[in-house]
$ cat entry19.cif   # mmCIF, C-alpha atoms and all ligand atoms
data_protein
loop_
_atom_site.label_atom_id
_atom_site.label_comp_id
_atom_site.auth_asym_id
_atom_site.auth_seq_id
_atom_site.Cartn_x
_atom_site.Cartn_y
_atom_site.Cartn_z
CA MET I 1 32.80 6.56 15.58
CA THR I 2 31.03 8.54 18.30
CA ALA I 3 28.64 6.86 20.73
CA ILE I 4 25.10 6.68 19.40
CA PHE I 5 22.70 9.32 20.77
CA SER I 6 25.51 11.26 22.50
CA PRO I 7 25.71 15.09 22.16
CA GLN I 8 28.57 14.69 19.65
CA TRP I 9 26.49 12.15 17.69
CA MET I 10 23.67 14.72 17.44
CA GLN I 11 26.11 17.28 16.01
CA ASP I 12 27.47 14.72 13.54
CA TRP I 13 23.91 13.89 12.53
CA LYS I 14 23.14 17.55 11.92
CA SER I 15 26.24 17.87 9.69
CA ALA I 16 25.31 14.68 7.83
CA ILE I 17 21.77 15.98 7.20
CA ASN I 18 23.16 19.27 5.89
CA SER I 19 25.54 17.42 3.57
CA SER I 20 22.75 15.21 2.23
CA SER I 21 21.64 16.30 -1.22
CA GLU I 22 18.70 13.89 -0.84
CA TYR I 23 17.50 15.67 2.30
CA HIS I 24 18.07 19.05 0.71
CA LYS I 25 15.96 17.99 -2.28
CA HIS I 26 13.10 16.22 -0.48
CA GLY I 27 12.96 18.28 2.73
CA LYS I 28 11.91 21.48 0.98
CA GLY I 29 8.45 22.47 2.13
CA TRP I 30 8.97 21.35 5.74
CA LYS I 31 9.38 24.35 8.06
CA ASP I 32 8.56 23.09 11.54
CA PRO I 33 10.52 21.53 14.36
CA LEU I 34 10.00 17.85 15.06
CA ILE I 35 10.47 15.64 18.11
CA LEU I 36 11.65 12.05 17.88
CA LYS I 37 10.54 10.82 21.25
CA PHE I 38 11.52 7.76 23.25
CA SER I 39 8.38 5.96 24.43
CA SER I 40 10.57 3.72 26.61
CA GLY I 41 14.23 3.26 27.47
CA GLN I 42 15.01 6.99 28.02
CA GLU I 43 17.27 5.93 30.88
CA ASN I 44 19.72 4.67 28.24
CA LEU I 45 20.25 8.19 26.92
CA PRO I 46 23.49 9.83 28.06
CA GLN I 47 21.61 12.66 29.79
CA LYS I 48 18.81 12.33 32.35
CA GLY I 49 15.40 14.03 32.14
CA VAL I 50 15.26 14.23 28.36
CA THR I 51 12.47 12.76 26.26
CA GLY I 52 14.12 12.37 22.85
CA PHE I 53 15.56 14.56 20.10
CA TRP I 54 14.34 17.98 19.02
CA LEU I 55 15.16 18.74 15.40
CA ASP I 56 14.78 22.19 13.88
CA LEU I 57 14.23 21.43 10.21
CA TYR I 58 13.66 24.20 7.73
CA GLU I 59 13.36 23.98 3.94
CA GLY I 60 15.75 21.10 3.38
CA LYS I 61 18.25 22.13 6.07
CA CYS I 62 18.74 21.18 9.69
CA ARG I 63 19.26 24.29 11.84
CA ALA I 64 19.71 22.48 15.16
CA ILE I 65 19.46 19.15 16.94
CA ARG I 66 19.35 18.91 20.70
CA TYR I 67 17.81 16.72 23.39
CA ALA I 68 14.09 17.33 23.85
CA ASN I 69 12.54 17.97 27.23
CA PRO I 70 8.88 17.52 28.26
CA ALA I 71 8.13 21.24 27.83
CA ASP I 72 9.08 21.15 24.12
CA GLU I 73 6.05 19.11 23.16
CA ALA I 74 3.57 21.98 23.56
CA ASN I 75 5.43 24.09 20.98
CA THR I 76 6.37 21.35 18.52
CA PRO I 77 3.76 20.46 15.87
CA THR I 78 5.02 16.93 15.15
CA VAL I 79 5.95 14.26 17.69
CA LEU I 80 6.92 10.75 16.61
CA SER I 81 7.66 8.15 19.24
CA ALA I 82 9.22 4.69 19.48
CA GLY I 83 11.11 2.67 22.06
CA PHE I 84 14.86 3.22 22.56
CA ASP I 85 15.73 -0.14 21.00
CA HIS I 86 13.50 0.53 17.99
CA TRP I 87 15.04 3.94 17.24
CA LYS I 88 18.48 2.44 17.64
CA SER I 89 17.86 -0.55 15.41
CA MET I 90 16.08 1.45 12.70
CA ILE I 91 18.98 3.88 12.56
CA GLU I 92 21.53 1.07 12.49
CA SER I 93 19.67 -0.84 9.79
CA GLY I 94 18.51 2.16 7.74
CA SER I 95 14.88 0.97 7.70
CA ASP I 96 12.11 2.77 5.84
CA PRO I 97 10.43 5.15 8.32
CA LEU I 98 7.12 5.25 6.43
CA PHE I 99 6.76 1.49 6.66
CA LEU I 100 7.66 1.53 10.36
CA LEU I 101 5.01 4.20 10.93
CA MET I 102 2.40 2.07 9.15
CA LYS I 103 3.51 -1.02 10.99
CA GLY I 104 3.11 0.79 14.30
CA THR I 105 6.78 0.59 15.33
CA ILE I 106 6.79 4.40 15.22
CA SER I 107 3.65 6.19 16.50
CA LEU I 108 2.48 9.59 15.43
CA GLU I 109 1.66 11.19 18.79
CA LYS I 110 1.06 14.62 17.35
CA GLY I 111 0.89 16.01 13.83
CA SER I 112 -0.57 15.34 10.40
CA LEU I 113 -0.18 11.98 8.69
CA LEU I 114 -0.89 13.61 5.33
CA LYS I 115 1.96 16.08 5.86
CA LEU I 116 4.31 13.30 6.92
CA THR I 117 3.52 11.10 3.91
CA GLY I 118 4.38 14.11 1.74
CA GLN I 119 7.79 14.16 3.47
CA ARG I 120 8.44 10.42 3.40
CA ASN I 121 11.50 10.69 1.17
CA ALA I 122 12.89 13.44 3.40
CA ALA I 123 12.33 11.17 6.42
CA LYS I 124 14.25 8.41 4.67
CA ALA I 125 17.14 10.81 3.99
CA LEU I 126 17.11 11.96 7.64
CA LEU I 127 17.37 8.39 8.86
CA LYS I 128 20.01 7.56 6.29
CA ALA I 129 22.11 10.50 7.50
CA ALA I 130 21.84 9.09 11.04
CA SER I 131 22.66 5.63 9.76
CA ASP I 132 25.72 6.88 7.87
CA ILE I 133 27.32 8.29 11.01
CA THR I 134 26.35 5.30 13.16
CA SER I 135 27.15 2.12 11.35
CA ASP I 136 29.44 0.92 8.60
CA ASN I 137 26.75 -1.52 7.66
CA HIS I 138 24.05 0.95 6.71
CA TYR I 139 21.52 0.25 4.03
CA ALA I 140 22.62 -3.33 3.54
CA GLU I 141 20.45 -5.30 1.14
CA PRO I 142 18.03 -7.51 3.07
CA ALA I 143 18.86 -11.19 2.89
CA HIS I 144 15.85 -11.98 0.73
CA SER I 145 16.07 -9.16 -1.75
CA LEU I 146 14.54 -9.19 -5.18
CA SER I 147 17.84 -10.10 -6.77
CA ASN I 148 17.83 -13.29 -4.71
CA ILE I 149 14.37 -14.21 -5.91
CA LEU I 150 15.72 -14.55 -9.42
CA THR I 151 17.99 -17.39 -8.43
CA VAL I 152 15.33 -19.55 -6.74
CA ALA I 153 14.50 -22.62 -8.75
CA THR I 154 10.98 -23.44 -9.88
CA VAL I 155 9.31 -26.19 -7.90
CA ALA I 156 7.71 -28.88 -10.03
CA VAL I 157 5.04 -30.97 -8.34
CA GLU I 158 4.36 -34.46 -9.61
CA ARG I 159 0.74 -35.66 -9.61
CA THR I 160 0.25 -38.87 -7.67
CA ALA I 161 -3.44 -38.65 -6.71
CA PHE I 162 -6.50 -36.43 -6.65
CA SER I 163 -7.79 -34.70 -3.51
CA THR I 164 -11.41 -35.62 -4.18
CA THR I 165 -10.61 -39.35 -4.35
CA THR I 166 -8.25 -39.47 -1.37
CA LYS I 167 -8.81 -37.04 1.51
CA GLY I 168 -11.87 -35.32 -0.05
CA LEU I 169 -12.42 -31.62 -0.58
CA ASP I 170 -11.77 -29.61 2.55
CA PHE I 171 -15.09 -27.76 2.81
CA ASP I 172 -14.02 -26.11 6.08
CA SER I 173 -10.92 -24.56 4.54
CA PHE I 174 -10.87 -20.78 4.26
CA PRO I 175 -10.81 -20.74 0.43
CA MET I 176 -13.88 -23.02 0.31
CA GLN I 177 -15.69 -20.76 2.80
CA LEU I 178 -14.88 -17.80 0.56
CA PHE I 179 -16.14 -19.76 -2.44
CA GLN I 180 -19.50 -20.36 -0.70
CA LYS I 181 -19.74 -16.60 -0.09
CA ALA I 182 -18.79 -15.84 -3.68
CA LYS I 183 -21.62 -18.04 -4.91
CA GLN I 184 -24.10 -16.21 -2.69
CA LEU I 185 -22.87 -12.61 -2.91
CA GLY I 186 -20.90 -12.52 -6.15
CA ILE I 187 -23.85 -13.31 -8.38
CA TRP I 188 -24.66 -9.95 -9.84
CA ASN I 189 -24.84 -9.02 -13.47
CA PRO I 190 -23.25 -5.77 -14.69
CA SER I 191 -25.61 -5.91 -17.68
CA ASP I 192 -28.64 -5.68 -15.38
CA ILE I 193 -27.63 -2.34 -13.87
CA ASP I 194 -29.89 0.50 -14.91
CA PHE I 195 -27.80 3.47 -16.03
CA SER I 196 -30.72 5.61 -17.29
CA LYS I 197 -30.61 8.07 -14.34
CA ASP I 198 -26.80 8.20 -14.51
CA LYS I 199 -27.03 9.17 -18.16
CA GLU I 200 -29.42 12.00 -17.40
CA GLN I 201 -27.36 13.31 -14.48
CA TRP I 202 -24.10 13.11 -16.45
CA GLN I 203 -25.35 15.76 -18.88
CA ALA I 204 -25.83 18.22 -16.00
CA PHE I 205 -22.33 17.90 -14.49
CA SER I 206 -19.83 20.73 -14.97
CA GLU I 207 -16.73 20.14 -17.11
CA LEU I 208 -14.58 19.90 -13.96
CA GLU I 209 -16.93 17.34 -12.39
CA LYS I 210 -16.95 15.27 -15.57
CA ASN I 211 -13.18 15.45 -15.79
CA VAL I 212 -12.69 14.23 -12.20
CA LEU I 213 -15.19 11.38 -12.67
CA MET I 214 -13.46 10.37 -15.91
CA HIS I 215 -10.07 10.52 -14.19
CA LEU I 216 -11.21 8.19 -11.39
CA THR I 217 -13.04 5.86 -13.77
CA GLY I 218 -10.03 5.78 -16.09
CA MET I 219 -7.92 4.53 -13.20
CA PHE I 220 -10.49 2.00 -11.99
CA VAL I 221 -11.34 0.47 -15.36
CA ALA I 222 -7.68 -0.03 -16.32
CA GLY I 223 -6.95 -1.37 -12.83
CA GLU I 224 -9.71 -3.94 -13.21
CA GLU I 225 -8.45 -4.88 -16.66
CA ALA I 226 -4.93 -5.25 -15.28
CA VAL I 227 -5.98 -7.58 -12.44
CA THR I 228 -8.12 -9.61 -14.86
CA LEU I 229 -5.22 -10.01 -17.27
CA ASP I 230 -2.62 -10.77 -14.60
CA LEU I 231 -4.35 -13.25 -12.28
CA LEU I 232 -3.91 -16.37 -14.42
CA PRO I 233 -0.28 -17.15 -13.47
CA LEU I 234 -1.31 -17.25 -9.79
CA ILE I 235 -4.19 -19.62 -10.57
CA MET I 236 -1.80 -21.83 -12.53
CA THR I 237 0.62 -21.81 -9.62
CA VAL I 238 -1.88 -23.08 -7.04
CA ALA I 239 -3.26 -25.57 -9.57
CA GLU I 240 0.20 -27.00 -10.18
CA GLU I 241 0.66 -27.42 -6.45
CA GLY I 242 -2.61 -29.38 -6.31
CA ARG I 243 -4.33 -26.82 -4.07
CA ILE I 244 -7.78 -27.53 -5.42
CA GLU I 245 -9.69 -25.55 -2.76
CA GLU I 246 -7.70 -22.41 -3.54
CA GLU I 247 -8.13 -22.91 -7.26
CA ILE I 248 -11.88 -23.37 -6.86
CA PHE I 249 -12.14 -20.01 -5.10
CA LEU I 250 -9.87 -18.36 -7.67
CA THR I 251 -12.27 -19.31 -10.47
CA SER I 252 -14.84 -16.98 -8.85
CA PHE I 253 -12.12 -14.39 -8.27
CA LEU I 254 -11.18 -14.18 -11.94
CA TRP I 255 -14.84 -14.17 -13.03
CA GLU I 256 -15.51 -11.27 -10.68
CA GLU I 257 -12.54 -9.24 -11.94
CA ALA I 258 -13.83 -9.77 -15.48
CA LYS I 259 -17.25 -8.49 -14.41
CA HIS I 260 -15.68 -5.43 -12.77
CA THR I 261 -13.92 -4.61 -16.04
CA GLU I 262 -17.17 -5.07 -17.95
CA PHE I 263 -19.06 -2.91 -15.45
CA PHE I 264 -16.83 0.16 -15.78
CA ALA I 265 -16.51 -0.31 -19.55
CA ARG I 266 -20.31 -0.33 -19.78
CA PHE I 267 -20.54 2.84 -17.65
CA LEU I 268 -18.08 4.59 -19.96
CA LYS I 269 -19.87 3.44 -23.08
CA GLU I 270 -23.43 4.15 -22.00
CA VAL I 271 -23.16 7.07 -19.59
CA THR I 272 -20.18 9.22 -20.48
CA GLY I 273 -20.81 9.33 -24.20
CA GLY I 274 -18.73 6.53 -25.64
CA HIS I 275 -15.14 5.45 -25.71
CA ILE I 276 -12.38 8.03 -25.63
CA ASN I 277 -8.66 7.60 -25.10
CA MET I 278 -8.09 7.88 -21.35
CA GLN I 279 -4.41 7.01 -21.15
CA HIS I 280 -3.53 10.56 -20.08
CA PHE I 281 -5.22 9.89 -16.74
CA HIS I 282 -2.43 7.43 -15.89
CA GLY I 283 0.46 9.25 -14.22
CA PRO I 284 4.00 7.89 -13.68
CA ALA I 285 3.19 6.20 -10.34
CA TYR I 286 0.04 4.58 -11.74
CA LYS I 287 2.00 3.32 -14.73
CA SER I 288 4.77 2.03 -12.53
CA LEU I 289 2.33 -0.01 -10.43
CA PHE I 290 -0.24 -1.16 -12.96
CA TYR I 291 1.81 -1.39 -16.14
CA GLU I 292 5.05 -2.69 -14.61
CA GLU I 293 5.07 -3.92 -10.99
CA LEU I 294 1.80 -5.90 -11.09
CA HIS I 295 2.41 -7.34 -14.53
CA GLU I 296 5.98 -8.32 -13.74
CA ALA I 297 5.28 -9.79 -10.28
CA LEU I 298 2.43 -12.01 -11.53
CA ASN I 299 4.00 -13.02 -14.82
CA ARG I 300 7.23 -14.05 -13.10
CA LEU I 301 5.23 -17.00 -11.75
CA LYS I 302 5.17 -18.50 -15.23
CA THR I 303 8.86 -19.34 -14.89
CA ASP I 304 9.51 -19.05 -11.16
CA LYS I 305 6.92 -20.48 -8.78
CA SER I 306 9.15 -20.22 -5.72
CA PRO I 307 7.55 -19.12 -2.42
CA GLU I 308 9.43 -15.81 -2.78
CA SER I 309 7.83 -15.13 -6.15
CA GLN I 310 4.40 -16.18 -4.89
CA LEU I 311 4.73 -13.85 -1.93
CA ARG I 312 5.79 -10.96 -4.09
CA ALA I 313 2.88 -11.58 -6.48
CA SER I 314 0.31 -11.62 -3.68
CA VAL I 315 1.77 -8.59 -1.87
CA THR I 316 1.63 -6.58 -5.10
CA TYR I 317 -1.79 -7.82 -6.21
CA ASN I 318 -3.77 -8.36 -3.00
CA LEU I 319 -2.10 -6.17 -0.39
CA ILE I 320 -1.20 -3.09 -2.43
CA VAL I 321 -3.31 -2.95 -5.60
CA GLU I 322 -6.51 -4.35 -4.08
CA GLY I 323 -6.06 -3.89 -0.33
CA THR I 324 -4.59 -0.40 -0.30
CA LEU I 325 -5.52 1.33 -3.57
CA ALA I 326 -8.72 -0.25 -4.90
CA GLU I 327 -10.34 -0.57 -1.51
CA THR I 328 -9.63 3.07 -0.64
CA GLY I 329 -10.68 4.31 -4.08
CA TYR I 330 -13.97 2.39 -4.07
CA GLU I 331 -14.80 3.30 -0.49
CA ALA I 332 -14.25 6.99 -1.25
CA TYR I 333 -16.15 6.79 -4.56
CA PHE I 334 -19.08 4.92 -2.98
CA ASN I 335 -19.34 7.32 -0.02
CA MET I 336 -19.15 10.33 -2.31
CA LEU I 337 -21.90 8.98 -4.63
CA THR I 338 -24.08 8.24 -1.58
CA GLU I 339 -23.52 11.62 0.09
CA GLN I 340 -24.11 13.55 -3.15
CA ASP I 341 -26.97 11.20 -4.08
CA ILE I 342 -25.79 10.93 -7.68
CA LEU I 343 -25.20 8.24 -10.32
CA PRO I 344 -27.34 5.45 -8.78
CA GLY I 345 -26.28 2.82 -11.32
CA LEU I 346 -22.58 3.46 -10.73
CA ARG I 347 -23.18 3.39 -6.98
CA GLU I 348 -25.05 0.08 -7.16
CA GLY I 349 -22.24 -1.56 -9.13
CA ILE I 350 -19.53 -0.24 -6.83
CA GLY I 351 -21.49 -1.59 -3.85
CA HIS I 352 -21.30 -5.10 -5.39
CA LEU I 353 -17.72 -4.60 -6.38
CA LYS I 354 -16.64 -3.61 -2.86
CA ARG I 355 -18.03 -6.86 -1.48
CA ASP I 356 -16.25 -8.88 -4.17
CA GLU I 357 -12.98 -7.09 -3.42
CA SER I 358 -13.23 -7.82 0.30
CA ARG I 359 -13.20 -11.56 -0.51
CA HIS I 360 -10.22 -11.13 -2.83
CA ILE I 361 -8.26 -9.27 -0.16
CA ALA I 362 -9.22 -11.86 2.48
CA PHE I 363 -7.89 -14.57 0.18
CA GLY I 364 -4.65 -12.63 -0.33
CA LEU I 365 -4.08 -12.30 3.40
CA TYR I 366 -4.74 -16.01 3.89
CA PHE I 367 -2.35 -16.82 1.02
CA ILE I 368 0.46 -14.60 2.38
CA LYS I 369 -0.04 -15.97 5.89
CA ARG I 370 0.14 -19.54 4.57
CA LEU I 371 3.39 -18.80 2.74
CA ILE I 372 4.97 -17.15 5.79
CA SER I 373 3.91 -19.97 8.14
CA ALA I 374 5.67 -22.47 5.88
CA HIS I 375 8.67 -20.18 5.18
CA PRO I 376 9.18 -17.79 8.12
CA HIS I 377 12.14 -16.10 6.43
CA LEU I 378 9.64 -14.59 3.96
CA ASN I 379 8.61 -12.11 6.64
CA ASP I 380 11.59 -9.93 5.69
CA LEU I 381 10.58 -9.97 2.05
CA LEU I 382 6.98 -9.11 2.98
CA GLU I 383 8.13 -6.04 4.91
CA GLN I 384 10.55 -5.01 2.19
CA GLU I 385 8.08 -5.33 -0.69
CA ALA I 386 5.06 -3.94 1.16
CA GLY I 387 7.10 -0.93 2.31
CA ARG I 388 8.55 -0.31 -1.16
CA LEU I 389 5.18 -0.52 -2.92
CA LEU I 390 3.40 1.57 -0.29
CA HIS I 391 5.39 4.61 -1.50
CA LYS I 392 4.08 4.03 -5.02
CA ALA I 393 0.51 3.63 -3.75
CA ILE I 394 0.73 6.98 -1.97
CA ASP I 395 2.11 8.54 -5.15
CA VAL I 396 -0.90 7.16 -7.05
CA VAL I 397 -3.26 8.83 -4.55
CA ASN I 398 -1.41 12.11 -5.02
CA GLU I 399 -1.73 11.75 -8.80
CA ILE I 400 -5.52 11.81 -8.35
CA PHE I 401 -5.45 15.11 -6.47
CA ASP I 402 -2.48 17.01 -7.92
CA PRO I 403 -4.13 17.97 -11.25
CA HIS I 404 -7.31 19.25 -9.54
CA PRO I 405 -6.63 22.11 -7.11
CA GLU I 406 -10.41 22.52 -6.70
CA MET I 407 -11.63 18.99 -6.05
CA PRO I 408 -15.42 18.70 -6.52
CA PHE I 409 -17.85 16.39 -4.66
CA GLY I 410 -16.05 16.86 -1.32
CA LEU I 411 -13.25 14.42 -2.27
CA ASP I 412 -10.43 14.91 0.20
CA ARG I 413 -6.76 13.93 -0.14
CA GLY I 414 -6.30 13.67 3.63
CA TRP I 415 -9.16 11.19 3.91
CA TYR I 416 -7.64 9.02 1.15
CA ILE I 417 -4.21 8.95 2.78
CA GLU I 418 -5.64 8.27 6.27
CA TYR I 419 -7.92 5.47 5.05
CA ALA I 420 -5.28 3.81 2.85
CA SER I 421 -2.74 4.01 5.69
CA SER I 422 -5.07 2.55 8.28
CA GLN I 423 -6.09 -0.38 6.01
CA PHE I 424 -2.45 -1.05 5.19
CA SER I 425 -1.42 -0.88 8.87
CA LYS I 426 -4.18 -3.24 9.98
CA ARG I 427 -3.18 -5.82 7.39
CA ILE I 428 0.54 -5.62 8.13
CA ALA I 429 -0.25 -6.04 11.82
CA LYS I 430 -2.28 -9.17 11.04
CA LEU I 431 0.37 -10.62 8.76
CA THR I 432 3.32 -9.98 11.04
CA SER I 433 1.64 -10.91 14.35
FE FE H 501 -11.89 -5.98 -9.10
FE FE H 502 -10.15 -7.93 -6.87
#

$ encode --input "entry19.cif" --output "structure tokens" --more "lines below"
Ligand SMILES: [Fe+2]
Ligand SMILES: [Fe+2]
Amino acid sequence: MTAIFSPQWMQDWKSAINSSSEYHKHGKGWKDPLILKFSSGQENLPQKGVTGFWLDLYEGKCRAIRYANPADEANTPTVLSAGFDHWKSMIESGSDPLFLLMKGTISLEKGSLLKLTGQRNAAKALLKAASDITSDNHYAEPAHSLSNILTVATVAVERTAFSTTTKGLDFDSFPMQLFQKAKQLGIWNPSDIDFSKDKEQWQAFSELEKNVLMHLTGMFVAGEEAVTLDLLPLIMTVAEEGRIEEEIFLTSFLWEEAKHTEFFARFLKEVTGGHINMQHFHGPAYKSLFYEELHEALNRLKTDKSPESQLRASVTYNLIVEGTLAETGYEAYFNMLTEQDILPGLREGIGHLKRDESRHIAFGLYFIKRLISAHPHLNDLLEQEAGRLLHKAIDVVNEIFDPHPEMPFGLDRGWYIEYASSQFSKRIAKLTS
């Protein structure tokens, strides 16, 4: 095996990339050179005065790899940087580059995040090619992989006393603080929202505008139904563990998800002209997340209440479905309705809904943090699951835009990807700090 980062290693890497059918398949569409820069530790490279690697990538092939020098940066559209040790360990372990970018281990110094997310599978194949020539241990299953979750036994908790008659309710706890907020801010009635203006305006929209609004609403309403249907196993889990403060907050959580479902269903019924079958708005990535991943992760808790299963449920539900997809979708929808000054009833409801969701996400972060504090080894599982599901979330965003080459109302794919990525990154930073 040649020494890592040596000139021979670069040539081996180039050959490995060109032999990779995965890179050939996913790298099509990328035509620009790229620099992988060392933000620190350059002195460990075999040659002095170089800043990193310069890769000439073109349509699924690698035409050249050489050391980069400072002058290259001006002519190279994309520059990604990380410390020497980070590049080395991510190549040796075969980590997911998209997740490392979101986590901040890799920084995008120059270039388009939207373009990079479109090439995330190509980036994975590039790193795998490097990993293949570097280590015999590449792409090893993390210690706490999903297959291991299956073997963890369910924890049964015996009731010996009640909180209220021993230590008392912990009113200062975070879930109880969220419950106080829910009682103040979560009291809104979807039935009170006036849709009369929305109904009038709907008639005047073009077919394309109606189709895009139906597409978005068809994703939101089913998403709200899914989270309403799937939350119960998590509530049962905290109840069985005697965590009364968390359960108290979760009663408001479930009630709010039910109201969100009712709200969108009412909009469809009263504004868009009645119920129609909207299943065709759910693409493969949407189905994978909302029909399979979410349902499976939450329902596993019925038979397996291990910390691993709880973590997986909350990462899927709170971090990805609510914290990455719903939050981005509602923020974009709300801003668009405000800027265009349309559909006031829909806008009013989404305003309420956004506030409700921020409490749900805050609870999820608290819940994940609590699990990791008690079981530090779960950090690996958090990174693995969050990274894996992030790819699906990005695919869901692309499924919104792909069918509509001319997107009305100023909706912008780049904005969606940027916003979702920054929310995801902030949360991962909080959870792993
Ligand atoms: Fe919701
Ligand atoms: Fe929610």

$ closest_atom_pairs --input "entry19.cif" --of "chain I" --to "ligand FE 502 (chain H)" --cutoff "7 Å" --atoms "only C-alpha atoms and all ligand atoms" --output "JSON lines"
{"residue": "I:Val227", "atom": "CA", "partner": "H:FE502", "partner_atom": "FE", "distance": 7.0}
{"residue": "I:Phe253", "atom": "CA", "partner": "H:FE502", "partner_atom": "FE", "distance": 6.9}
{"residue": "I:Glu257", "atom": "CA", "partner": "H:FE502", "partner_atom": "FE", "distance": 5.8}
{"residue": "I:Glu322", "atom": "CA", "partner": "H:FE502", "partner_atom": "FE", "distance": 5.8}
{"residue": "I:Asp356", "atom": "CA", "partner": "H:FE502", "partner_atom": "FE", "distance": 6.7}
{"residue": "I:Glu357", "atom": "CA", "partner": "H:FE502", "partner_atom": "FE", "distance": 4.5}
{"residue": "I:His360", "atom": "CA", "partner": "H:FE502", "partner_atom": "FE", "distance": 5.2}

$ write_last_selection --input "entry19.cif" --atoms "C-alpha atoms" --output "PDB file, in the frame of the given file"
ATOM      1  CA  VAL I 227      -5.980  -7.580 -12.440  1.00  0.00           C
ATOM      2  CA  PHE I 253     -12.120 -14.390  -8.270  1.00  0.00           C
ATOM      3  CA  GLU I 257     -12.540  -9.240 -11.940  1.00  0.00           C
ATOM      4  CA  GLU I 322      -6.510  -4.350  -4.080  1.00  0.00           C
ATOM      5  CA  ASP I 356     -16.250  -8.880  -4.170  1.00  0.00           C
ATOM      6  CA  GLU I 357     -12.980  -7.090  -3.420  1.00  0.00           C
ATOM      7  CA  HIS I 360     -10.220 -11.130  -2.830  1.00  0.00           C
TER       8      HIS I 360
END

$ residues_around --input "entry19.cif" --residues "range 365-377 of chain I" --least-positions-apart "6" --cutoff "8 Å" --atoms "only C-alpha atoms" --output "list in words"
His144, Phe174, Pro307, Leu311, Ser314, Val315, Asn318, Leu319, Arg427 and Leu431 of chain I

$ atom_distance --input "entry19.cif" --atom1 "CA of Ala182 in chain I" --atom2 "CA of Tyr333 in chain I"
22.8 Å

$ atom_distance --input "entry19.cif" --atom1 "CA of Ser40 in chain I" --atom2 "CA of Leu126 in chain I"
21.7 Å

$ closest_residue --input "entry19.cif" --among "I:Pro7, I:Pro403, I:Gly410, I:Pro97" --to "Ile65 in chain I" --atoms "all atoms listed in the file"
I:Pro7

$ closest_residue --input "entry19.cif" --among "I:Ala313, I:Phe84, I:Gln8, I:Lys61" --to "Thr237 in chain I" --atoms "only C-alpha atoms"
I:Ala313

$ closest_residue --input "entry19.cif" --among "I:Thr166, I:Gln47, I:Arg66, I:Ala362" --to "Phe179 in chain I" --atoms "all atoms listed in the file"
I:Ala362

$ atom_distance --input "entry19.cif" --atom1 "CA of Leu294 in chain I" --atom2 "CA of Gly118 in chain I"
23.9 Å

$ residues_around --input "entry19.cif" --residues "Ala64 in chain I" --least-positions-apart "6" --cutoff "12 Å" --atoms "all atoms listed in the file" --output "PyMOL selection string"
chain I and resi 7+10-15+17-18+32-35+53-58

$ axis_aligned_box --input "entry19.cif" --around "range 347-365 of chain I" --padding-each-side "8 Å" --output "AutoDock Vina command-line options"
--center_x -14.6 --center_y -5.6 --center_z -2.9 --size_x 37.0 --size_y 34.0 --size_z 28.5

$ closest_residue --input "entry19.cif" --among "I:Thr76, I:Ile342, I:Glu246, I:Ile4" --to "Ala204 in chain I" --atoms "only C-alpha atoms"
I:Ile342

$ build_atoms --input "entry19.cif" --residues "range 73-83 of chain I" --atoms "N, CA and C atoms" --output "PDB file, in the coordinates of the input"
ATOM      1  N   GLU I  73       7.148  19.715  23.920  1.00  0.00           N
ATOM      2  CA  GLU I  73       6.050  19.110  23.160  1.00  0.00           C
ATOM      3  C   GLU I  73       4.931  20.098  22.832  1.00  0.00           C
ATOM      4  N   ALA I  74       4.667  21.024  23.776  1.00  0.00           N
ATOM      5  CA  ALA I  74       3.570  21.980  23.560  1.00  0.00           C
ATOM      6  C   ALA I  74       3.841  22.872  22.358  1.00  0.00           C
ATOM      7  N   ASN I  75       5.110  23.147  22.069  1.00  0.00           N
ATOM      8  CA  ASN I  75       5.430  24.090  20.980  1.00  0.00           C
ATOM      9  C   ASN I  75       5.919  23.396  19.714  1.00  0.00           C
ATOM     10  N   THR I  76       5.855  22.076  19.687  1.00  0.00           N
ATOM     11  CA  THR I  76       6.370  21.350  18.520  1.00  0.00           C
ATOM     12  C   THR I  76       5.204  20.655  17.820  1.00  0.00           C
ATOM     13  N   PRO I  77       4.968  20.978  16.530  1.00  0.00           N
ATOM     14  CA  PRO I  77       3.760  20.460  15.870  1.00  0.00           C
ATOM     15  C   PRO I  77       3.774  18.948  15.612  1.00  0.00           C
ATOM     16  N   THR I  78       4.980  18.360  15.496  1.00  0.00           N
ATOM     17  CA  THR I  78       5.020  16.930  15.150  1.00  0.00           C
ATOM     18  C   THR I  78       5.847  16.159  16.167  1.00  0.00           C
ATOM     19  N   VAL I  79       5.230  15.112  16.731  1.00  0.00           N
ATOM     20  CA  VAL I  79       5.950  14.260  17.690  1.00  0.00           C
ATOM     21  C   VAL I  79       5.780  12.813  17.250  1.00  0.00           C
ATOM     22  N   LEU I  80       6.919  12.172  16.984  1.00  0.00           N
ATOM     23  CA  LEU I  80       6.920  10.750  16.610  1.00  0.00           C
ATOM     24  C   LEU I  80       7.605   9.983  17.723  1.00  0.00           C
ATOM     25  N   SER I  81       7.014   8.858  18.136  1.00  0.00           N
ATOM     26  CA  SER I  81       7.660   8.150  19.240  1.00  0.00           C
ATOM     27  C   SER I  81       7.873   6.675  18.938  1.00  0.00           C
ATOM     28  N   ALA I  82       8.913   6.129  19.563  1.00  0.00           N
ATOM     29  CA  ALA I  82       9.220   4.690  19.480  1.00  0.00           C
ATOM     30  C   ALA I  82      10.134   4.359  20.658  1.00  0.00           C
ATOM     31  N   GLY I  83      10.236   3.080  20.958  1.00  0.00           N
ATOM     32  CA  GLY I  83      11.110   2.670  22.060  1.00  0.00           C
ATOM     33  C   GLY I  83      12.583   2.884  21.713  1.00  0.00           C
TER      34      GLY I  83
END
